[in-house]
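*Asks:* Sharing final-v8.txt here; it has compact mmCIF, N, CA and C atoms.
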```
# COMPACT_ATOMS: atom_id res chain seq x y z
N MET A 124 45.31 27.01 53.28
CA MET A 124 46.00 27.58 52.13
C MET A 124 46.47 26.45 51.23
N LYS A 125 46.13 26.54 49.96
CA LYS A 125 46.55 25.54 48.97
C LYS A 125 48.05 25.66 48.77
N LYS A 126 48.75 24.52 48.73
CA LYS A 126 50.21 24.59 48.65
C LYS A 126 50.82 24.00 47.39
N LYS A 127 50.02 23.40 46.52
CA LYS A 127 50.59 22.87 45.27
C LYS A 127 49.54 22.88 44.19
N GLY A 128 50.00 22.66 42.97
CA GLY A 128 49.07 22.69 41.84
C GLY A 128 48.71 24.13 41.49
N ILE A 129 47.63 24.28 40.78
CA ILE A 129 47.17 25.61 40.36
C ILE A 129 46.66 26.37 41.57
N LEU A 130 47.12 27.61 41.72
CA LEU A 130 46.75 28.44 42.86
C LEU A 130 45.72 29.50 42.52
N ASN A 131 45.64 29.91 41.26
CA ASN A 131 44.75 30.99 40.85
C ASN A 131 43.29 30.59 41.10
N PRO A 132 42.57 31.33 41.95
CA PRO A 132 41.20 30.92 42.30
C PRO A 132 40.23 30.97 41.12
N GLN A 133 40.45 31.89 40.19
CA GLN A 133 39.56 31.95 39.02
C GLN A 133 39.76 30.73 38.13
N ILE A 134 41.00 30.31 37.93
CA ILE A 134 41.27 29.13 37.11
C ILE A 134 40.78 27.87 37.82
N LEU A 135 40.95 27.80 39.14
CA LEU A 135 40.43 26.65 39.89
C LEU A 135 38.91 26.54 39.76
N ASP A 136 38.23 27.67 39.76
CA ASP A 136 36.79 27.68 39.59
C ASP A 136 36.40 27.11 38.22
N VAL A 137 37.13 27.49 37.19
CA VAL A 137 36.87 26.98 35.83
C VAL A 137 37.10 25.47 35.79
N ILE A 138 38.18 25.01 36.39
CA ILE A 138 38.49 23.57 36.41
C ILE A 138 37.37 22.80 37.10
N GLY A 139 36.91 23.32 38.23
CA GLY A 139 35.86 22.64 38.98
C GLY A 139 34.55 22.55 38.24
N LYS A 140 34.28 23.48 37.36
CA LYS A 140 33.03 23.51 36.60
C LYS A 140 33.13 22.90 35.21
N ALA A 141 34.34 22.54 34.79
CA ALA A 141 34.55 22.06 33.41
C ALA A 141 33.82 20.74 33.18
N GLY A 142 33.15 20.68 32.04
CA GLY A 142 32.44 19.47 31.63
C GLY A 142 32.91 19.00 30.27
N HIS A 143 32.38 17.87 29.85
CA HIS A 143 32.78 17.28 28.58
C HIS A 143 32.55 18.26 27.43
N ARG A 144 33.58 18.44 26.64
CA ARG A 144 33.62 19.30 25.45
C ARG A 144 33.68 20.79 25.77
N ASP A 145 33.76 21.18 27.05
CA ASP A 145 34.02 22.58 27.37
C ASP A 145 35.40 22.94 26.84
N MET A 146 35.56 24.17 26.41
CA MET A 146 36.82 24.62 25.83
C MET A 146 37.45 25.71 26.69
N ILE A 147 38.75 25.57 26.86
CA ILE A 147 39.53 26.56 27.59
C ILE A 147 40.63 27.04 26.66
N ALA A 148 40.59 28.30 26.29
CA ALA A 148 41.61 28.87 25.41
C ALA A 148 42.69 29.52 26.26
N VAL A 149 43.94 29.21 25.94
CA VAL A 149 45.08 29.87 26.58
C VAL A 149 45.78 30.64 25.48
N THR A 150 45.85 31.95 25.63
CA THR A 150 46.29 32.79 24.52
C THR A 150 47.48 33.68 24.89
N ASP A 151 48.16 34.12 23.84
CA ASP A 151 49.27 35.06 24.03
C ASP A 151 48.73 36.46 24.28
N ARG A 152 49.61 37.37 24.60
CA ARG A 152 49.23 38.73 24.97
C ARG A 152 48.57 39.49 23.83
N GLY A 153 48.92 39.17 22.58
CA GLY A 153 48.39 39.91 21.44
C GLY A 153 47.03 39.43 20.98
N PHE A 154 46.54 38.31 21.50
CA PHE A 154 45.26 37.76 21.06
C PHE A 154 44.13 38.64 21.56
N PRO A 155 43.14 38.96 20.72
CA PRO A 155 42.04 39.80 21.18
C PRO A 155 41.25 39.11 22.30
N LEU A 156 40.66 39.92 23.15
CA LEU A 156 39.85 39.39 24.24
C LEU A 156 38.39 39.28 23.83
N ALA A 157 37.74 38.22 24.29
CA ALA A 157 36.29 38.11 24.11
C ALA A 157 35.65 39.28 24.86
N THR A 158 34.71 39.94 24.22
CA THR A 158 34.13 41.16 24.81
C THR A 158 32.66 41.01 25.16
N HIS A 159 32.19 39.79 25.30
CA HIS A 159 30.81 39.55 25.69
C HIS A 159 30.81 38.74 26.99
N GLU A 160 29.67 38.69 27.63
CA GLU A 160 29.60 38.06 28.96
C GLU A 160 29.55 36.54 28.92
N ARG A 161 29.45 35.92 27.76
CA ARG A 161 29.31 34.47 27.70
C ARG A 161 30.64 33.73 27.72
N THR A 162 31.74 34.43 27.49
CA THR A 162 33.07 33.83 27.63
C THR A 162 33.79 34.57 28.73
N ARG A 163 34.16 33.84 29.74
CA ARG A 163 34.89 34.41 30.88
C ARG A 163 36.34 34.66 30.45
N VAL A 164 36.86 35.81 30.79
CA VAL A 164 38.26 36.14 30.49
C VAL A 164 39.02 36.25 31.81
N ILE A 165 40.14 35.52 31.88
CA ILE A 165 41.03 35.60 33.02
C ILE A 165 42.38 36.05 32.48
N ASP A 166 42.83 37.21 32.90
CA ASP A 166 44.13 37.73 32.45
C ASP A 166 45.14 37.47 33.57
N VAL A 167 46.11 36.61 33.28
CA VAL A 167 47.12 36.27 34.29
C VAL A 167 48.48 36.91 33.98
N SER A 168 48.51 37.81 32.99
CA SER A 168 49.78 38.43 32.61
C SER A 168 50.31 39.30 33.75
N VAL A 169 51.63 39.30 33.91
CA VAL A 169 52.29 40.10 34.94
C VAL A 169 53.22 41.11 34.28
N VAL A 170 54.16 40.61 33.51
CA VAL A 170 55.09 41.42 32.72
C VAL A 170 55.27 40.68 31.41
N PRO A 171 55.93 41.30 30.40
CA PRO A 171 56.13 40.58 29.15
C PRO A 171 56.74 39.19 29.37
N ASN A 172 56.12 38.20 28.77
CA ASN A 172 56.53 36.80 28.79
C ASN A 172 56.41 36.13 30.16
N MET A 173 55.60 36.71 31.05
CA MET A 173 55.37 36.07 32.33
C MET A 173 53.89 36.18 32.68
N PRO A 174 53.21 35.05 32.81
CA PRO A 174 53.66 33.71 32.44
C PRO A 174 53.54 33.49 30.94
N LYS A 175 54.25 32.49 30.46
CA LYS A 175 54.14 32.07 29.07
C LYS A 175 52.95 31.12 28.94
N VAL A 176 52.53 30.89 27.72
CA VAL A 176 51.39 30.01 27.48
C VAL A 176 51.64 28.63 28.09
N LEU A 177 52.83 28.07 27.88
CA LEU A 177 53.11 26.74 28.43
C LEU A 177 53.10 26.72 29.95
N ASP A 178 53.45 27.85 30.58
CA ASP A 178 53.40 27.93 32.04
C ASP A 178 51.98 27.74 32.56
N VAL A 179 51.00 28.03 31.73
CA VAL A 179 49.60 27.86 32.11
C VAL A 179 49.07 26.52 31.59
N VAL A 180 49.40 26.17 30.36
CA VAL A 180 48.86 24.95 29.75
C VAL A 180 49.32 23.69 30.48
N LEU A 181 50.60 23.58 30.79
CA LEU A 181 51.09 22.33 31.39
C LEU A 181 50.43 22.03 32.73
N PRO A 182 50.27 22.99 33.65
CA PRO A 182 49.53 22.68 34.88
C PRO A 182 48.06 22.34 34.62
N LEU A 183 47.45 22.97 33.62
CA LEU A 183 46.07 22.62 33.27
C LEU A 183 45.98 21.17 32.83
N LEU A 184 46.98 20.70 32.08
CA LEU A 184 46.98 19.31 31.63
C LEU A 184 47.11 18.34 32.79
N ASP A 185 47.73 18.78 33.89
CA ASP A 185 47.82 17.95 35.10
C ASP A 185 46.48 17.86 35.82
N GLU A 186 45.66 18.89 35.71
CA GLU A 186 44.42 18.99 36.48
C GLU A 186 43.18 18.52 35.72
N LEU A 187 43.19 18.64 34.42
CA LEU A 187 42.01 18.38 33.60
C LEU A 187 42.14 17.13 32.75
N VAL A 188 41.01 16.53 32.43
CA VAL A 188 40.98 15.52 31.37
C VAL A 188 40.81 16.31 30.08
N VAL A 189 41.80 16.21 29.20
CA VAL A 189 41.76 16.92 27.91
C VAL A 189 41.77 15.87 26.82
N GLU A 190 40.76 15.94 25.94
CA GLU A 190 40.68 14.94 24.87
C GLU A 190 41.16 15.46 23.52
N GLU A 191 41.30 16.76 23.42
CA GLU A 191 41.67 17.35 22.12
C GLU A 191 42.27 18.73 22.36
N ILE A 192 43.18 19.11 21.47
CA ILE A 192 43.64 20.49 21.42
C ILE A 192 43.34 21.03 20.03
N ILE A 193 43.07 22.31 19.99
CA ILE A 193 42.85 22.99 18.71
C ILE A 193 43.91 24.08 18.62
N VAL A 194 44.65 24.06 17.53
CA VAL A 194 45.70 25.06 17.29
C VAL A 194 45.61 25.56 15.86
N ALA A 195 46.25 26.67 15.63
CA ALA A 195 46.30 27.24 14.28
C ALA A 195 47.46 26.63 13.48
N ARG A 196 47.28 26.60 12.17
CA ARG A 196 48.35 26.15 11.27
C ARG A 196 49.64 26.93 11.54
N GLU A 197 49.46 28.22 11.80
CA GLU A 197 50.62 29.09 12.06
C GLU A 197 51.36 28.65 13.32
N THR A 198 50.65 28.11 14.29
CA THR A 198 51.28 27.59 15.50
C THR A 198 52.13 26.37 15.16
N VAL A 199 51.58 25.49 14.36
CA VAL A 199 52.30 24.29 13.93
C VAL A 199 53.59 24.68 13.22
N ASP A 200 53.50 25.68 12.34
CA ASP A 200 54.65 26.09 11.54
C ASP A 200 55.67 26.92 12.32
N ARG A 201 55.19 27.83 13.18
CA ARG A 201 56.10 28.81 13.79
C ARG A 201 56.39 28.58 15.27
N GLN A 202 55.61 27.73 15.93
CA GLN A 202 55.81 27.47 17.36
C GLN A 202 55.77 25.96 17.65
N PRO A 203 56.57 25.18 16.92
CA PRO A 203 56.49 23.72 17.10
C PRO A 203 56.85 23.26 18.51
N GLN A 204 57.67 24.04 19.23
CA GLN A 204 58.05 23.65 20.59
C GLN A 204 56.85 23.64 21.53
N LEU A 205 55.86 24.48 21.27
CA LEU A 205 54.64 24.48 22.07
C LEU A 205 53.93 23.14 21.94
N LEU A 206 53.76 22.68 20.71
CA LEU A 206 53.11 21.40 20.48
C LEU A 206 53.94 20.24 21.00
N GLU A 207 55.24 20.31 20.84
CA GLU A 207 56.11 19.24 21.34
C GLU A 207 55.97 19.08 22.85
N ALA A 208 55.90 20.18 23.57
CA ALA A 208 55.75 20.12 25.02
C ALA A 208 54.40 19.51 25.42
N ILE A 209 53.35 19.88 24.70
CA ILE A 209 52.02 19.32 24.98
C ILE A 209 52.00 17.84 24.64
N ARG A 210 52.56 17.47 23.50
CA ARG A 210 52.62 16.05 23.11
C ARG A 210 53.43 15.24 24.11
N GLY A 211 54.48 15.85 24.67
CA GLY A 211 55.28 15.16 25.67
C GLY A 211 54.48 14.84 26.92
N LYS A 212 53.53 15.68 27.24
CA LYS A 212 52.68 15.49 28.42
C LYS A 212 51.54 14.52 28.14
N LEU A 213 50.93 14.64 26.95
CA LEU A 213 49.80 13.79 26.55
C LEU A 213 50.03 13.31 25.11
N PRO A 214 50.82 12.26 24.94
CA PRO A 214 51.24 11.86 23.59
C PRO A 214 50.13 11.40 22.65
N ASN A 215 49.01 10.93 23.15
CA ASN A 215 47.94 10.42 22.27
C ASN A 215 46.78 11.39 22.12
N LEU A 216 47.03 12.63 22.41
CA LEU A 216 45.99 13.65 22.35
C LEU A 216 45.60 13.95 20.91
N ARG A 217 44.30 14.05 20.66
CA ARG A 217 43.82 14.41 19.32
C ARG A 217 44.13 15.88 19.08
N GLU A 218 44.63 16.19 17.89
CA GLU A 218 44.96 17.57 17.51
C GLU A 218 44.13 17.98 16.31
N THR A 219 43.52 19.14 16.42
CA THR A 219 42.78 19.71 15.30
C THR A 219 43.50 20.99 14.91
N VAL A 220 43.82 21.11 13.63
CA VAL A 220 44.54 22.28 13.13
C VAL A 220 43.61 23.08 12.24
N VAL A 221 43.49 24.36 12.53
CA VAL A 221 42.63 25.28 11.79
C VAL A 221 43.46 26.50 11.40
N SER A 222 42.88 27.40 10.64
CA SER A 222 43.58 28.65 10.33
C SER A 222 43.58 29.53 11.59
N HIS A 223 44.50 30.47 11.65
CA HIS A 223 44.54 31.39 12.78
C HIS A 223 43.24 32.21 12.86
N ALA A 224 42.72 32.59 11.70
CA ALA A 224 41.46 33.34 11.67
C ALA A 224 40.32 32.51 12.25
N ASP A 225 40.27 31.22 11.92
CA ASP A 225 39.22 30.36 12.46
C ASP A 225 39.38 30.14 13.96
N LEU A 226 40.62 30.00 14.42
CA LEU A 226 40.86 29.87 15.86
C LEU A 226 40.38 31.11 16.59
N LYS A 227 40.69 32.26 16.03
CA LYS A 227 40.27 33.52 16.63
C LYS A 227 38.74 33.60 16.71
N GLN A 228 38.08 33.23 15.64
CA GLN A 228 36.61 33.25 15.63
C GLN A 228 36.04 32.29 16.67
N GLN A 229 36.67 31.13 16.79
CA GLN A 229 36.18 30.15 17.76
C GLN A 229 36.32 30.67 19.19
N VAL A 230 37.46 31.25 19.52
CA VAL A 230 37.66 31.78 20.87
C VAL A 230 36.72 32.95 21.15
N LEU A 231 36.61 33.85 20.20
CA LEU A 231 35.87 35.08 20.45
C LEU A 231 34.36 34.93 20.35
N TYR A 232 33.87 34.03 19.50
CA TYR A 232 32.44 34.03 19.22
C TYR A 232 31.71 32.71 19.39
N SER A 233 32.41 31.60 19.66
CA SER A 233 31.70 30.32 19.73
C SER A 233 30.68 30.29 20.85
N ALA A 234 30.95 30.94 21.98
CA ALA A 234 29.98 30.96 23.08
C ALA A 234 28.70 31.68 22.66
N MET A 235 28.81 32.62 21.76
CA MET A 235 27.63 33.33 21.29
C MET A 235 26.72 32.43 20.45
N LYS A 236 27.29 31.31 19.97
CA LYS A 236 26.52 30.35 19.18
C LYS A 236 26.16 29.12 20.02
N ASP A 237 26.21 29.29 21.35
CA ASP A 237 25.90 28.22 22.30
C ASP A 237 26.87 27.05 22.23
N GLU A 238 28.09 27.29 21.77
CA GLU A 238 29.13 26.28 21.86
C GLU A 238 29.81 26.45 23.21
N GLN A 239 30.64 25.53 23.58
CA GLN A 239 31.12 25.45 24.95
C GLN A 239 32.48 26.10 25.20
N MET A 240 32.65 27.35 24.84
CA MET A 240 33.87 28.07 25.19
C MET A 240 33.71 28.57 26.62
N ALA A 241 34.40 27.93 27.55
CA ALA A 241 34.23 28.25 28.96
C ALA A 241 34.99 29.50 29.36
N VAL A 242 36.22 29.60 28.87
CA VAL A 242 37.09 30.67 29.37
C VAL A 242 38.22 30.94 28.39
N GLN A 243 38.69 32.16 28.42
CA GLN A 243 39.91 32.55 27.72
C GLN A 243 40.88 33.03 28.79
N ILE A 244 42.03 32.37 28.86
CA ILE A 244 43.07 32.77 29.80
C ILE A 244 44.16 33.47 28.99
N ARG A 245 44.34 34.76 29.24
CA ARG A 245 45.37 35.51 28.52
C ARG A 245 46.63 35.57 29.37
N THR A 246 47.73 35.21 28.74
CA THR A 246 49.03 35.18 29.42
C THR A 246 49.84 36.41 29.04
N GLY A 247 51.06 36.48 29.55
CA GLY A 247 51.98 37.54 29.18
C GLY A 247 52.86 37.18 28.01
N GLU A 248 52.59 36.06 27.36
CA GLU A 248 53.41 35.57 26.23
C GLU A 248 53.50 36.61 25.12
N PHE A 249 54.73 36.92 24.71
CA PHE A 249 54.96 37.88 23.63
C PHE A 249 55.43 37.20 22.34
N SER A 250 55.23 35.90 22.20
CA SER A 250 55.57 35.18 20.97
C SER A 250 54.30 35.01 20.15
N PRO A 251 54.36 35.27 18.84
CA PRO A 251 53.15 35.16 18.03
C PRO A 251 52.70 33.71 17.85
N PHE A 252 51.40 33.53 17.70
CA PHE A 252 50.79 32.24 17.39
C PHE A 252 50.99 31.20 18.49
N THR A 253 51.09 31.63 19.73
CA THR A 253 51.19 30.69 20.84
C THR A 253 49.83 30.61 21.55
N ASN A 254 48.84 30.14 20.81
CA ASN A 254 47.48 30.04 21.32
C ASN A 254 47.01 28.61 21.17
N VAL A 255 46.30 28.13 22.17
CA VAL A 255 45.80 26.76 22.13
C VAL A 255 44.45 26.70 22.81
N ILE A 256 43.58 25.88 22.25
CA ILE A 256 42.29 25.60 22.89
C ILE A 256 42.36 24.17 23.41
N LEU A 257 42.08 24.02 24.71
CA LEU A 257 42.00 22.69 25.31
C LEU A 257 40.52 22.30 25.34
N VAL A 258 40.22 21.11 24.84
CA VAL A 258 38.85 20.61 24.83
C VAL A 258 38.77 19.52 25.90
N CYS A 259 37.92 19.74 26.89
CA CYS A 259 37.82 18.83 28.02
C CYS A 259 37.18 17.50 27.63
N GLY A 260 37.68 16.46 28.24
CA GLY A 260 37.13 15.12 28.06
C GLY A 260 36.44 14.67 29.33
N VAL A 261 36.27 13.37 29.46
CA VAL A 261 35.68 12.79 30.66
C VAL A 261 36.66 11.78 31.24
N ALA A 262 36.60 11.61 32.55
CA ALA A 262 37.54 10.71 33.24
C ALA A 262 37.14 9.25 33.14
N PHE A 263 35.97 8.96 32.65
CA PHE A 263 35.53 7.57 32.53
C PHE A 263 35.29 7.22 31.06
N ARG A 264 35.43 6.00 30.74
CA ARG A 264 35.22 5.52 29.36
C ARG A 264 34.44 4.25 29.38
```
Could you write out this structure as structure tokens?

*Replies:*
Amino acid sequence: MKKKGILNPQILDVIGKAGHRDMIAVTDRGFPLATHERTRVIDVSVVPNMPKVLDVVLPLLDELVVEEIIVARETVDRQPQLLEAIRGKLPNLRETVVSHADLKQQVLYSAMKDEQMAVQIRTGEFSPFTNVILVCGVAFR
């Protein structure tokens, strides 16, 4: 029995298969779900606000090499504490800021264009614009 770190077997499977430039989206409860078979959806919500997006993102940052995050402008403006927490964990991380509409399109449809959206993890977060895409890096340089 695993006793520390990420326990969810579906998320562990994604981590084990993640490659360079694969994308993992961690989204709030209101974010639409990908409805095609090319993007895996893992719903970890239990009750409202449990778990929150950061409850999922921070352990992922411990387990994965992440070279970039993609967030919406609305996240920067309305949820700065989300970015502050991520920056606190990985201060030199590259950040790409797009519109919320573009972020939504990327999560929902990029896999259909053969881009590397590996998974969407939906949380119980009830705060708007708390969505982030983690872009995997490599452990060697």

*Asks:* Show me, as a list of chain:residue names, the residues that have an atom within 10 Å of Glu190 in chain A when counting only C-alpha atoms, minus same-chain residues fewer than 6 positions from it.

*Replies:* A:His143, A:Arg144, A:Leu213, A:Asn215, A:Leu216, A:Arg217, A:Glu218, A:Leu257, A:Val258, A:Cys259, A:Gly260, A:Val261, A:Ala262

*Asks:* So how far away is CA of Val230 in chain A from CA of Val194 in chain A, in Å?

*Replies:*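 Separating CA of Val194 in chain A from CA of Val230 in chain A is a distance of 11.1 Å.
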
*Asks:* Name the closest residue to Glu207 in chain A among the candidates A:Leu226, A:Leu181, A:Ile129, A:Ile138; distances are taken between atoms, counting only C-alpha atoms.

*Replies:*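 Among A:Leu226, A:Leu181, A:Ile129, A:Ile138, it is A:Leu181 that comes nearest to Glu207 in chain A.
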
*Asks:* Where does DSSP see alpha helix (DSSP H) in range 129-259 of chain A, if you list the residues as a VMD selection string?

*Replies:* chain A and resid 132 to 140 176 to 186 196 to 201 203 to 212 223 to 232

*Asks:* Take atom C of Arg264 in chain A and CA of Val188 in chain A and report the distance between them in Å, one decimal.

*Replies:*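 That distance, rounded to one decimal, is 13.2 Å.
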
*Asks:* Which residue is closest to Gln133 in chain A? Choose from A:Leu206, A:Val199, A:Ile165, A:Val189 and count only N, CA and C atoms.

*Replies:*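 When distances to Gln133 in chain A are compared using only N, CA and C atoms, the smallest one comes from A:Ile165.
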
*Asks:* Give me, please, the distance in Å between CA of Val179 in chain A and CA of Ala208 in chain A, quoted to one decimal.

*Replies:* 12.2 Å

*Asks:* Show me, as JSON, numbers by chain, the residues that have an atom within 12 Å of Arg201 in chain A when counting only C-alpha atoms, minus same-chain residues fewer than 5 positions from it.

*Replies:* {"A": [194, 195, 196, 206, 223, 250, 251, 252, 253, 254]}

*Asks:* Could you tell me which of A:Phe249, A:Lys212, A:Asp166, A:Met240 comes closest to Ala148 in chain A if we count all atoms listed in the file?

*Replies:*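 Of A:Phe249, A:Lys212, A:Asp166, A:Met240, the one nearest Ala148 in chain A, counting all atoms listed in the file, is A:Met240.
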
*Asks:* Applying 8 Å and only C-alpha atoms, which residues near Gln243 in chain A remain after dropping the ones on its own chain fewer than 2 positions away? List them as a PyMOL selection string.

*Replies:* chain A and resi 147-150+156-157+162-165+230+240-241+245

*Asks:* Closest to Lys175 in chain A among A:Ala141, A:Asp151, A:Thr219, A:Ile209, using all atoms listed in the file?

*Replies:*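 Closest residue, counting all atoms listed in the file: A:Asp151.
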
*Asks:* In terms of the shortest atom-to-atom distance over all atoms listed in the file, which of A:Arg210, A:Lys126, A:Lys140, A:Arg152 is closest to Ser168 in chain A?

*Replies:*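 Closest candidate: A:Arg152.
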
*Asks:* Restricting the calculation to only C-alpha atoms, which member of A:Gly128, A:Glu197, A:Gly247, A:Pro155 is positioned closest to Leu184 in chain A?

*Replies:*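 Among the listed residues, A:Gly128 lies closest to Leu184 in chain A.
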